[in-house]
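Source file target15.pdb; content: PDB, C-alpha atoms.
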ATOM      1  CA  GLN A   1     197.055 147.482  -9.697  1.00  0.00           C
ATOM      2  CA  LYS A   2     194.625 147.849  -6.827  1.00  0.00           C
ATOM      3  CA  GLU A   3     195.841 149.636  -3.747  1.00  0.00           C
ATOM      4  CA  VAL A   4     195.093 146.595  -1.566  1.00  0.00           C
ATOM      5  CA  GLU A   5     195.172 143.057  -2.902  1.00  0.00           C
ATOM      6  CA  GLN A   6     193.526 140.169  -1.093  1.00  0.00           C
ATOM      7  CA  ASP A   7     192.806 136.715  -2.421  1.00  0.00           C
ATOM      8  CA  PRO A   8     189.044 136.120  -2.225  1.00  0.00           C
ATOM      9  CA  GLY A   9     189.418 132.360  -1.668  1.00  0.00           C
ATOM     10  CA  PRO A  10     187.558 130.414  -0.531  1.00  0.00           C
ATOM     11  CA  LEU A  11     190.144 128.960   1.786  1.00  0.00           C
ATOM     12  CA  SER A  12     189.007 125.636   3.220  1.00  0.00           C
ATOM     13  CA  VAL A  13     190.839 124.095   6.186  1.00  0.00           C
ATOM     14  CA  PRO A  14     190.136 121.344   8.714  1.00  0.00           C
ATOM     15  CA  GLU A  15     189.293 122.206  12.282  1.00  0.00           C
ATOM     16  CA  GLY A  16     192.407 122.787  14.374  1.00  0.00           C
ATOM     17  CA  ALA A  17     194.551 123.990  11.479  1.00  0.00           C
ATOM     18  CA  ILE A  18     196.624 127.148  11.539  1.00  0.00           C
ATOM     19  CA  VAL A  19     195.184 129.640   9.061  1.00  0.00           C
ATOM     20  CA  SER A  20     197.211 132.307   7.309  1.00  0.00           C
ATOM     21  CA  LEU A  21     195.402 135.198   5.660  1.00  0.00           C
ATOM     22  CA  ASN A  22     197.314 137.849   3.760  1.00  0.00           C
ATOM     23  CA  CYS A  23     197.104 141.198   2.044  1.00  0.00           C
ATOM     24  CA  THR A  24     199.564 143.150  -0.033  1.00  0.00           C
ATOM     25  CA  TYR A  25     199.420 146.852  -0.667  1.00  0.00           C
ATOM     26  CA  SER A  26     201.108 149.435  -2.816  1.00  0.00           C
ATOM     27  CA  ASN A  27     200.835 152.648  -0.788  1.00  0.00           C
ATOM     28  CA  SER A  28     203.962 152.931   1.362  1.00  0.00           C
ATOM     29  CA  ALA A  29     202.309 155.698   3.386  1.00  0.00           C
ATOM     30  CA  PHE A  30     199.901 153.285   5.075  1.00  0.00           C
ATOM     31  CA  GLN A  31     200.645 153.088   8.780  1.00  0.00           C
ATOM     32  CA  TYR A  32     197.470 151.758  10.371  1.00  0.00           C
ATOM     33  CA  PHE A  33     196.434 148.195   9.674  1.00  0.00           C
ATOM     34  CA  MET A  34     193.241 146.420  10.632  1.00  0.00           C
ATOM     35  CA  TRP A  35     191.641 143.024  10.257  1.00  0.00           C
ATOM     36  CA  TYR A  36     187.893 142.565  10.305  1.00  0.00           C
ATOM     37  CA  ARG A  37     185.756 139.436  10.421  1.00  0.00           C
ATOM     38  CA  GLN A  38     182.420 139.495   8.653  1.00  0.00           C
ATOM     39  CA  TYR A  39     179.796 136.810   9.011  1.00  0.00           C
ATOM     40  CA  SER A  40     177.210 136.448   6.292  1.00  0.00           C
ATOM     41  CA  ARG A  41     174.623 139.241   6.329  1.00  0.00           C
ATOM     42  CA  LYS A  42     176.321 141.019   9.228  1.00  0.00           C
ATOM     43  CA  GLY A  43     178.508 144.077   9.597  1.00  0.00           C
ATOM     44  CA  PRO A  44     182.299 143.626   9.907  1.00  0.00           C
ATOM     45  CA  GLU A  45     183.716 143.134  13.381  1.00  0.00           C
ATOM     46  CA  LEU A  46     187.125 144.558  14.262  1.00  0.00           C
ATOM     47  CA  LEU A  47     189.564 141.787  15.193  1.00  0.00           C
ATOM     48  CA  MET A  48     192.989 143.388  15.228  1.00  0.00           C
ATOM     49  CA  TYR A  49     194.388 146.886  14.953  1.00  0.00           C
ATOM     50  CA  THR A  50     198.101 147.563  14.579  1.00  0.00           C
ATOM     51  CA  TYR A  51     200.243 150.572  13.939  1.00  0.00           C
ATOM     52  CA  SER A  52     203.367 150.392  11.781  1.00  0.00           C
ATOM     53  CA  SER A  53     205.428 147.194  11.560  1.00  0.00           C
ATOM     54  CA  GLY A  54     205.590 144.304  13.958  1.00  0.00           C
ATOM     55  CA  ASN A  55     203.440 141.629  15.517  1.00  0.00           C
ATOM     56  CA  LYS A  56     200.398 141.772  17.718  1.00  0.00           C
ATOM     57  CA  GLU A  57     198.778 138.822  19.427  1.00  0.00           C
ATOM     58  CA  ASP A  58     195.299 138.467  20.866  1.00  0.00           C
ATOM     59  CA  GLY A  59     194.226 135.010  21.920  1.00  0.00           C
ATOM     60  CA  ARG A  60     194.270 132.726  18.889  1.00  0.00           C
ATOM     61  CA  PHE A  61     194.881 135.636  16.513  1.00  0.00           C
ATOM     62  CA  THR A  62     198.224 137.124  15.526  1.00  0.00           C
ATOM     63  CA  ALA A  63     198.596 140.064  13.177  1.00  0.00           C
ATOM     64  CA  GLN A  64     201.879 140.740  11.416  1.00  0.00           C
ATOM     65  CA  VAL A  65     202.892 143.798   9.449  1.00  0.00           C
ATOM     66  CA  ASP A  66     205.943 143.929   7.214  1.00  0.00           C
ATOM     67  CA  LYS A  67     206.089 147.450   5.833  1.00  0.00           C
ATOM     68  CA  SER A  68     209.302 146.799   3.906  1.00  0.00           C
ATOM     69  CA  SER A  69     207.486 144.168   1.868  1.00  0.00           C
ATOM     70  CA  LYS A  70     204.101 145.926   2.018  1.00  0.00           C
ATOM     71  CA  TYR A  71     202.597 142.705   3.312  1.00  0.00           C
ATOM     72  CA  ILE A  72     200.321 142.003   6.234  1.00  0.00           C
ATOM     73  CA  SER A  73     199.110 138.720   7.655  1.00  0.00           C
ATOM     74  CA  LEU A  74     196.564 137.394  10.087  1.00  0.00           C
ATOM     75  CA  PHE A  75     197.203 133.998  11.662  1.00  0.00           C
ATOM     76  CA  ILE A  76     194.474 132.005  13.364  1.00  0.00           C
ATOM     77  CA  ARG A  77     195.628 129.152  15.592  1.00  0.00           C
ATOM     78  CA  ASP A  78     193.488 126.143  16.431  1.00  0.00           C
ATOM     79  CA  SER A  79     190.849 127.204  13.928  1.00  0.00           C
ATOM     80  CA  GLN A  80     187.233 126.416  14.747  1.00  0.00           C
ATOM     81  CA  PRO A  81     184.129 126.059  12.553  1.00  0.00           C
ATOM     82  CA  SER A  82     182.901 129.281  14.161  1.00  0.00           C
ATOM     83  CA  ASP A  83     185.849 131.057  12.509  1.00  0.00           C
ATOM     84  CA  SER A  84     184.203 130.445   9.139  1.00  0.00           C
ATOM     85  CA  ALA A  85     183.618 133.945   7.788  1.00  0.00           C
ATOM     86  CA  THR A  86     185.026 136.525   5.413  1.00  0.00           C
ATOM     87  CA  TYR A  87     188.142 138.304   6.660  1.00  0.00           C
ATOM     88  CA  LEU A  88     188.805 141.815   5.420  1.00  0.00           C
ATOM     89  CA  CYS A  89     192.054 143.671   5.748  1.00  0.00           C
ATOM     90  CA  ALA A  90     192.020 147.463   5.897  1.00  0.00           C
ATOM     91  CA  MET A  91     194.676 150.123   6.115  1.00  0.00           C
ATOM     92  CA  SER A  92     195.014 153.877   6.294  1.00  0.00           C
ATOM     93  CA  GLY A  93     197.535 156.634   6.706  1.00  0.00           C
ATOM     94  CA  GLY A  94     199.571 159.085   4.676  1.00  0.00           C
ATOM     95  CA  GLY A  95     197.272 162.006   5.227  1.00  0.00           C
ATOM     96  CA  SER A  96     194.060 160.082   4.613  1.00  0.00           C
ATOM     97  CA  TYR A  97     192.184 158.629   7.550  1.00  0.00           C
ATOM     98  CA  ILE A  98     189.710 156.853   5.344  1.00  0.00           C
ATOM     99  CA  PRO A  99     190.658 153.157   5.369  1.00  0.00           C
ATOM    100  CA  THR A 100     191.131 151.222   2.180  1.00  0.00           C
ATOM    101  CA  PHE A 101     189.684 147.728   2.330  1.00  0.00           C
ATOM    102  CA  GLY A 102     190.697 144.531   0.634  1.00  0.00           C
ATOM    103  CA  ARG A 103     187.936 142.540  -1.003  1.00  0.00           C
ATOM    104  CA  GLY A 104     188.009 139.918   1.747  1.00  0.00           C
ATOM    105  CA  THR A 105     189.004 136.253   1.962  1.00  0.00           C
ATOM    106  CA  SER A 106     186.313 133.677   2.559  1.00  0.00           C
ATOM    107  CA  LEU A 107     187.434 131.127   5.152  1.00  0.00           C
ATOM    108  CA  ILE A 108     185.718 127.787   5.695  1.00  0.00           C
ATOM    109  CA  VAL A 109     186.741 125.660   8.660  1.00  0.00           C
ATOM    110  CA  HIS A 110     185.207 122.229   8.393  1.00  0.00           C
ATOM    111  CA  PRO A 111     184.813 119.840  11.350  1.00  0.00           C
TER     112      PRO A 111
ATOM    113  CA  GLY B 112     183.063 148.956  24.092  1.00  0.00           C
ATOM    114  CA  ALA B 113     182.642 150.712  20.736  1.00  0.00           C
ATOM    115  CA  VAL B 114     179.211 149.461  19.775  1.00  0.00           C
ATOM    116  CA  VAL B 115     177.349 150.772  16.770  1.00  0.00           C
ATOM    117  CA  SER B 116     173.663 150.032  16.440  1.00  0.00           C
ATOM    118  CA  GLN B 117     172.047 150.169  13.030  1.00  0.00           C
ATOM    119  CA  HIS B 118     168.404 149.676  12.141  1.00  0.00           C
ATOM    120  CA  PRO B 119     166.357 148.497  10.530  1.00  0.00           C
ATOM    121  CA  SER B 120     168.334 145.329   9.844  1.00  0.00           C
ATOM    122  CA  TRP B 121     166.195 144.659   6.822  1.00  0.00           C
ATOM    123  CA  VAL B 122     163.536 146.574   4.952  1.00  0.00           C
ATOM    124  CA  ILE B 123     161.381 145.936   1.920  1.00  0.00           C
ATOM    125  CA  CYS B 124     159.820 148.871   0.142  1.00  0.00           C
ATOM    126  CA  LYS B 125     158.015 149.711  -3.063  1.00  0.00           C
ATOM    127  CA  SER B 126     159.754 151.466  -5.915  1.00  0.00           C
ATOM    128  CA  GLY B 127     159.510 155.235  -5.609  1.00  0.00           C
ATOM    129  CA  THR B 128     159.331 155.365  -1.826  1.00  0.00           C
ATOM    130  CA  SER B 129     162.017 156.629   0.558  1.00  0.00           C
ATOM    131  CA  VAL B 130     163.725 154.621   3.259  1.00  0.00           C
ATOM    132  CA  LYS B 131     165.658 155.893   6.269  1.00  0.00           C
ATOM    133  CA  ILE B 132     168.405 153.909   7.970  1.00  0.00           C
ATOM    134  CA  GLU B 133     169.658 154.967  11.394  1.00  0.00           C
ATOM    135  CA  CYS B 134     173.108 154.456  12.821  1.00  0.00           C
ATOM    136  CA  ARG B 135     173.865 155.127  16.475  1.00  0.00           C
ATOM    137  CA  SER B 136     177.116 154.875  18.394  1.00  0.00           C
ATOM    138  CA  LEU B 137     176.018 153.556  21.774  1.00  0.00           C
ATOM    139  CA  ASP B 138     179.087 153.937  23.964  1.00  0.00           C
ATOM    140  CA  PHE B 139     181.339 156.407  22.195  1.00  0.00           C
ATOM    141  CA  GLN B 140     181.147 159.669  20.326  1.00  0.00           C
ATOM    142  CA  ALA B 141     181.610 159.125  16.628  1.00  0.00           C
ATOM    143  CA  THR B 142     183.368 162.183  15.282  1.00  0.00           C
ATOM    144  CA  THR B 143     183.251 160.695  11.827  1.00  0.00           C
ATOM    145  CA  MET B 144     180.811 158.238  10.337  1.00  0.00           C
ATOM    146  CA  PHE B 145     181.169 156.318   7.125  1.00  0.00           C
ATOM    147  CA  TRP B 146     178.431 154.768   5.012  1.00  0.00           C
ATOM    148  CA  TYR B 147     179.212 151.748   2.894  1.00  0.00           C
ATOM    149  CA  ARG B 148     177.362 149.664   0.373  1.00  0.00           C
ATOM    150  CA  GLN B 149     178.173 146.026  -0.171  1.00  0.00           C
ATOM    151  CA  PHE B 150     177.144 143.745  -3.012  1.00  0.00           C
ATOM    152  CA  PRO B 151     177.135 139.942  -2.616  1.00  0.00           C
ATOM    153  CA  LYS B 152     180.645 138.517  -2.334  1.00  0.00           C
ATOM    154  CA  GLN B 153     182.145 141.963  -2.851  1.00  0.00           C
ATOM    155  CA  SER B 154     184.086 144.240  -0.594  1.00  0.00           C
ATOM    156  CA  LEU B 155     182.825 147.388   1.027  1.00  0.00           C
ATOM    157  CA  MET B 156     182.183 150.327  -1.252  1.00  0.00           C
ATOM    158  CA  LEU B 157     182.484 153.665   0.517  1.00  0.00           C
ATOM    159  CA  MET B 158     179.566 155.917  -0.288  1.00  0.00           C
ATOM    160  CA  ALA B 159     180.183 158.947   1.889  1.00  0.00           C
ATOM    161  CA  THR B 160     181.978 160.311   4.930  1.00  0.00           C
ATOM    162  CA  SER B 161     180.272 162.585   7.392  1.00  0.00           C
ATOM    163  CA  ASN B 162     181.461 164.647  10.323  1.00  0.00           C
ATOM    164  CA  GLU B 163     179.078 165.793  13.002  1.00  0.00           C
ATOM    165  CA  GLY B 164     177.404 169.048  12.044  1.00  0.00           C
ATOM    166  CA  SER B 165     178.905 169.170   8.558  1.00  0.00           C
ATOM    167  CA  LYS B 166     177.694 168.191   5.134  1.00  0.00           C
ATOM    168  CA  ALA B 167     178.686 164.730   4.042  1.00  0.00           C
ATOM    169  CA  THR B 168     181.454 164.173   1.534  1.00  0.00           C
ATOM    170  CA  TYR B 169     180.314 161.799  -1.166  1.00  0.00           C
ATOM    171  CA  GLU B 170     182.494 159.474  -3.177  1.00  0.00           C
ATOM    172  CA  GLN B 171     182.624 159.866  -6.910  1.00  0.00           C
ATOM    173  CA  GLY B 172     179.637 158.329  -8.603  1.00  0.00           C
ATOM    174  CA  VAL B 173     177.380 158.424  -5.541  1.00  0.00           C
ATOM    175  CA  GLU B 174     174.317 160.614  -6.043  1.00  0.00           C
ATOM    176  CA  LYS B 175     174.045 162.917  -3.061  1.00  0.00           C
ATOM    177  CA  ASP B 176     170.440 163.808  -3.883  1.00  0.00           C
ATOM    178  CA  LYS B 177     169.477 160.145  -3.829  1.00  0.00           C
ATOM    179  CA  PHE B 178     171.442 159.117  -0.751  1.00  0.00           C
ATOM    180  CA  LEU B 179     170.848 161.808   1.856  1.00  0.00           C
ATOM    181  CA  ILE B 180     173.153 161.625   4.853  1.00  0.00           C
ATOM    182  CA  ASN B 181     172.626 163.523   8.056  1.00  0.00           C
ATOM    183  CA  HIS B 182     175.047 163.512  10.992  1.00  0.00           C
ATOM    184  CA  ALA B 183     173.183 165.678  13.446  1.00  0.00           C
ATOM    185  CA  SER B 184     174.974 164.585  16.603  1.00  0.00           C
ATOM    186  CA  LEU B 185     178.069 162.705  17.725  1.00  0.00           C
ATOM    187  CA  THR B 186     175.995 159.579  18.247  1.00  0.00           C
ATOM    188  CA  LEU B 187     173.536 159.574  15.365  1.00  0.00           C
ATOM    189  CA  SER B 188     173.805 159.483  11.596  1.00  0.00           C
ATOM    190  CA  THR B 189     171.082 158.654   9.119  1.00  0.00           C
ATOM    191  CA  LEU B 190     171.035 157.560   5.498  1.00  0.00           C
ATOM    192  CA  THR B 191     167.872 158.184   3.509  1.00  0.00           C
ATOM    193  CA  VAL B 192     167.480 156.472   0.171  1.00  0.00           C
ATOM    194  CA  THR B 193     165.083 158.693  -1.730  1.00  0.00           C
ATOM    195  CA  SER B 194     162.800 157.502  -4.521  1.00  0.00           C
ATOM    196  CA  ALA B 195     164.232 154.023  -4.232  1.00  0.00           C
ATOM    197  CA  HIS B 196     164.474 151.785  -7.270  1.00  0.00           C
ATOM    198  CA  PRO B 197     165.249 148.067  -7.532  1.00  0.00           C
ATOM    199  CA  GLU B 198     168.873 148.824  -8.420  1.00  0.00           C
ATOM    200  CA  ASP B 199     169.236 150.442  -4.991  1.00  0.00           C
ATOM    201  CA  SER B 200     168.657 147.050  -3.388  1.00  0.00           C
ATOM    202  CA  SER B 201     171.799 146.270  -1.447  1.00  0.00           C
ATOM    203  CA  PHE B 202     173.385 145.823   1.965  1.00  0.00           C
ATOM    204  CA  TYR B 203     174.135 149.187   3.588  1.00  0.00           C
ATOM    205  CA  ILE B 204     176.538 149.405   6.521  1.00  0.00           C
ATOM    206  CA  CYS B 205     177.522 152.357   8.678  1.00  0.00           C
ATOM    207  CA  SER B 206     180.641 152.705  10.759  1.00  0.00           C
ATOM    208  CA  GLY B 207     181.949 155.172  13.278  1.00  0.00           C
ATOM    209  CA  SER B 208     185.375 156.407  14.199  1.00  0.00           C
ATOM    210  CA  ARG B 209     186.188 157.659  17.673  1.00  0.00           C
ATOM    211  CA  ARG B 210     188.659 160.275  16.625  1.00  0.00           C
ATOM    212  CA  GLU B 211     189.538 162.469  13.752  1.00  0.00           C
ATOM    213  CA  GLY B 212     192.403 160.828  11.991  1.00  0.00           C
ATOM    214  CA  PRO B 213     193.492 157.278  11.153  1.00  0.00           C
ATOM    215  CA  GLY B 214     191.970 154.742  13.422  1.00  0.00           C
ATOM    216  CA  GLU B 215     189.871 151.675  13.720  1.00  0.00           C
ATOM    217  CA  LEU B 216     186.272 151.754  12.549  1.00  0.00           C
ATOM    218  CA  PHE B 217     183.373 150.157  14.362  1.00  0.00           C
ATOM    219  CA  PHE B 218     180.590 148.869  12.173  1.00  0.00           C
ATOM    220  CA  GLY B 219     176.872 148.539  12.583  1.00  0.00           C
ATOM    221  CA  GLU B 220     175.083 145.295  11.864  1.00  0.00           C
ATOM    222  CA  GLY B 221     174.075 146.406   8.398  1.00  0.00           C
ATOM    223  CA  SER B 222     170.712 146.994   6.734  1.00  0.00           C
ATOM    224  CA  ARG B 223     169.490 144.916   3.837  1.00  0.00           C
ATOM    225  CA  LEU B 224     167.284 146.956   1.528  1.00  0.00           C
ATOM    226  CA  THR B 225     165.063 145.283  -1.034  1.00  0.00           C
ATOM    227  CA  VAL B 226     163.159 147.517  -3.419  1.00  0.00           C
ATOM    228  CA  LEU B 227     160.291 145.855  -5.235  1.00  0.00           C
TER     229      LEU B 227
END
Would you mind giving the structure from this file in structure tokens?
Amino acid sequence: QKEVEQDPGPLSVPEGAIVSLNCTYSNSAFQYFMWYRQYSRKGPELLMYTYSSGNKEDGRFTAQVDKSSKYISLFIRDSQPSDSATYLCAMSGGGSYIPTFGRGTSLIVHP
Amino acid sequence: GAVVSQHPSWVICKSGTSVKIECRSLDFQATTMFWYRQFPKQSLMLMATSNEGSKATYEQGVEKDKFLINHASLTLSTLTVTSAHPEDSSFYICSGSRREGPGELFFGEGSRLTVL
């Protein structure tokens, strides 16, 4: 079992839909959780950064962490074609500051 | 804030030559820098971690004599691919962390290397 599991997709949704992206993990020591957006042939861009459990909202993006279930989510409201990208989850903690990345989910928002 | 500049964004070189990629943190001091390699439709593969003024720590399977990493200052790290071969062709991305310890990483734009 990989330390971080993320469905590669692609996930295709119509414009305006609510998108749910998820990751599961096995290391209960993870405390820091991040979501990155990566456009084709570009470096990842940090979208959300959360510590421990709970929700965090930033504009159309909401990050949720459920440590009891070892499950994190990123919700995108009112999705736009410009949201089409690969979304990577990452997490760290437990004595290691080096983040572990999921393989990324490819999102396609069609007009 | 937290901008990382990486260049060149793409480079083509002949087999056997060396290529240097620069990574600069423009508005913060990167105590730690990470170098990643990414294959098409794959996730990021960590190559090495470097702290300013120290030797880089390489991940298992990464040849430290082939991929030379220098982190001479808190704002500059370089990756040199020595004696490049076609199998070294890939997308290389650097990232910086603002503090020692768990925290968000800020990535450069990436460098696409093609070795002929």
Return as a tab-separated table the residues of chain B lying at most 12 Å from chain A, together with the closest atom-to-atom pair for each and the distance in Å to one decimal, counting all atoms listed in the file, with rows in chain order and ascending residue number.
residue	atom	partner	partner_atom	distance
B:Gly112	CA	A:Leu46	CA	11.5
B:Ala113	CA	A:Leu46	CA	10.0
B:Val114	CA	A:Glu45	CA	10.1
B:Val115	CA	A:Gly43	CA	9.9
B:Ser116	CA	A:Gly43	CA	10.3
B:Gln117	CA	A:Gly43	CA	9.5
B:His118	CA	A:Gly43	CA	11.8
B:Ser120	CA	A:Lys42	CA	9.1
B:Trp121	CA	A:Arg41	CA	10.0
B:Thr143	CA	A:Ile98	CA	9.9
B:Met144	CA	A:Ile98	CA	10.3
B:Phe145	CA	A:Ile98	CA	8.7
B:Trp146	CA	A:Ile98	CA	11.5
B:Tyr147	CA	A:Gly43	CA	10.2
B:Arg148	CA	A:Gly43	CA	10.8
B:Gln149	CA	A:Gly43	CA	10.0
B:Phe150	CA	A:Arg41	CA	10.7
B:Pro151	CA	A:Arg41	CA	9.3
B:Lys152	CA	A:Arg103	CA	8.4
B:Gln153	CA	A:Arg103	CA	6.1
B:Ser154	CA	A:Arg103	CA	4.2
B:Leu155	CA	A:Phe101	CA	7.0
B:Met156	CA	A:Phe101	CA	8.7
B:Leu157	CA	A:Thr100	CA	9.1
B:Met158	CA	A:Ile98	CA	11.6
B:Ala159	CA	A:Ile98	CA	10.3
B:Thr160	CA	A:Ile98	CA	8.5
B:Ser161	CA	A:Ile98	CA	11.2
B:Thr168	CA	A:Ile98	CA	11.7
B:Glu170	CA	A:Ile98	CA	11.5
B:Ser201	CA	A:Arg41	CA	10.9
B:Phe202	CA	A:Arg41	CA	8.0
B:Tyr203	CA	A:Gly43	CA	9.0
B:Ile204	CA	A:Gly43	CA	6.5
B:Cys205	CA	A:Gly43	CA	8.4
B:Ser206	CA	A:Gly43	CA	9.0
B:Gly207	CA	A:Ile98	CA	11.2
B:Ser208	CA	A:Tyr97	CA	9.8
B:Arg209	CA	A:Tyr97	CA	11.8
B:Arg210	CA	A:Tyr97	CA	9.9
B:Glu211	CA	A:Tyr97	CA	7.8
B:Gly212	CA	A:Tyr97	CA	5.0
B:Pro213	CA	A:Tyr97	CA	4.1
B:Gly214	CA	A:Tyr32	CA	7.0
B:Glu215	CA	A:Tyr49	CA	6.7
B:Leu216	CA	A:Leu46	CA	7.4
B:Phe217	CA	A:Leu46	CA	6.7
B:Phe218	CA	A:Gly43	CA	5.8
B:Gly219	CA	A:Gly43	CA	5.6
B:Glu220	CA	A:Gly43	CA	4.3
B:Gly221	CA	A:Gly43	CA	5.1
B:Ser222	CA	A:Lys42	CA	8.6
B:Arg223	CA	A:Arg41	CA	8.0
B:Leu224	CA	A:Arg41	CA	11.7
### Task
Tell me which protein, DNA and RNA residues are within 12 Å of B:Val130, counting all atoms listed in the file, leaving out same-chain ones fewer than 2 positions away, and put them as a PyMOL selection string.
chain B and resi 118-119+121-128+132-133+177-180+189-196+199-200+203+222-226
### Message
Given the point (198.0, 133.8, 14.7) in the coordinates of this file, which residues lie within 9 Å, counting all atoms listed in the file, and how would they look as JSON, numbers by chain?
### Response
{"A": [18, 19, 20, 56, 57, 58, 59, 60, 61, 62, 63, 64, 73, 74, 75, 76, 77]}
### Task
Measure the distance from atom CA of A:Ser26 to atom CA of B:Ala141 in Å and round it to one decimal.
29.2 Å
Kindly list the centre and edge lengths in Å, rounded to one decimal, for the axis-aligned box that covers all listed atoms of stretch 126-134 of chain B plus 8 Å on each of its six sides, as lines of an AutoDock Vina configuration file.
center_x = 166.2
center_y = 154.0
center_z = 3.5
size_x = 29.8
size_y = 21.2
size_z = 34.7
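Going from atom CA of B:Leu185 to atom CA of B:Gln171 covers 25.2 Å.
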### Summary
Computed gap from atom CA of A:Ala17 to atom CA of A:Tyr71 is 21.9 Å
### Task
Select, from A:Ser52, A:Lys70, A:Ala85, A:Asn22, the residue with the minimum atom-to-atom distance to A:Glu3, counting all atoms listed in the file.
A:Lys70
### Query
Given the file above and the PyMOL selection byres ((chain A and resi 14) around 6), which residues are selected, and can you give them as number ranges by chain?
A: 13, 15, 17, 109-110
Non-local contacts of B:Ser184 (9 Å; all atoms listed in the file; under 5 positions in same chain excluded) as a compact mmCIF listing (two decimals) with C-alpha atoms, in the coordinates of the input:
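The file below, out.txt, is the result:
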# COMPACT_ATOMS: atom_id res chain seq x y z
CA GLN B 140 181.15 159.67 20.33
CA ALA B 141 181.61 159.12 16.63
CA THR B 142 183.37 162.18 15.28
CA GLU B 163 179.08 165.79 13.00
CA GLY B 164 177.40 169.05 12.04
### Message
Take the PyMOL selection byres ((chain B and resi 135) around 6), run it mentally on this structure, and tell me the resulting residues as JSON, numbers by chain.
### Response
{"B": [115, 116, 134, 136, 137, 186, 187]}
Based on the selection just made, write C-alpha atoms of those residues as a JSON list (two decimals), in the frame of the given file.
[["chain", "number", "residue", "atom", "x", "y", "z"],
["B", 115, "VAL", "CA", 177.35, 150.77, 16.77],
["B", 116, "SER", "CA", 173.66, 150.03, 16.44],
["B", 134, "CYS", "CA", 173.11, 154.46, 12.82],
["B", 136, "SER", "CA", 177.12, 154.88, 18.39],
["B", 137, "LEU", "CA", 176.02, 153.56, 21.77],
["B", 186, "THR", "CA", 176.00, 159.58, 18.25],
["B", 187, "LEU", "CA", 173.54, 159.57, 15.36]]
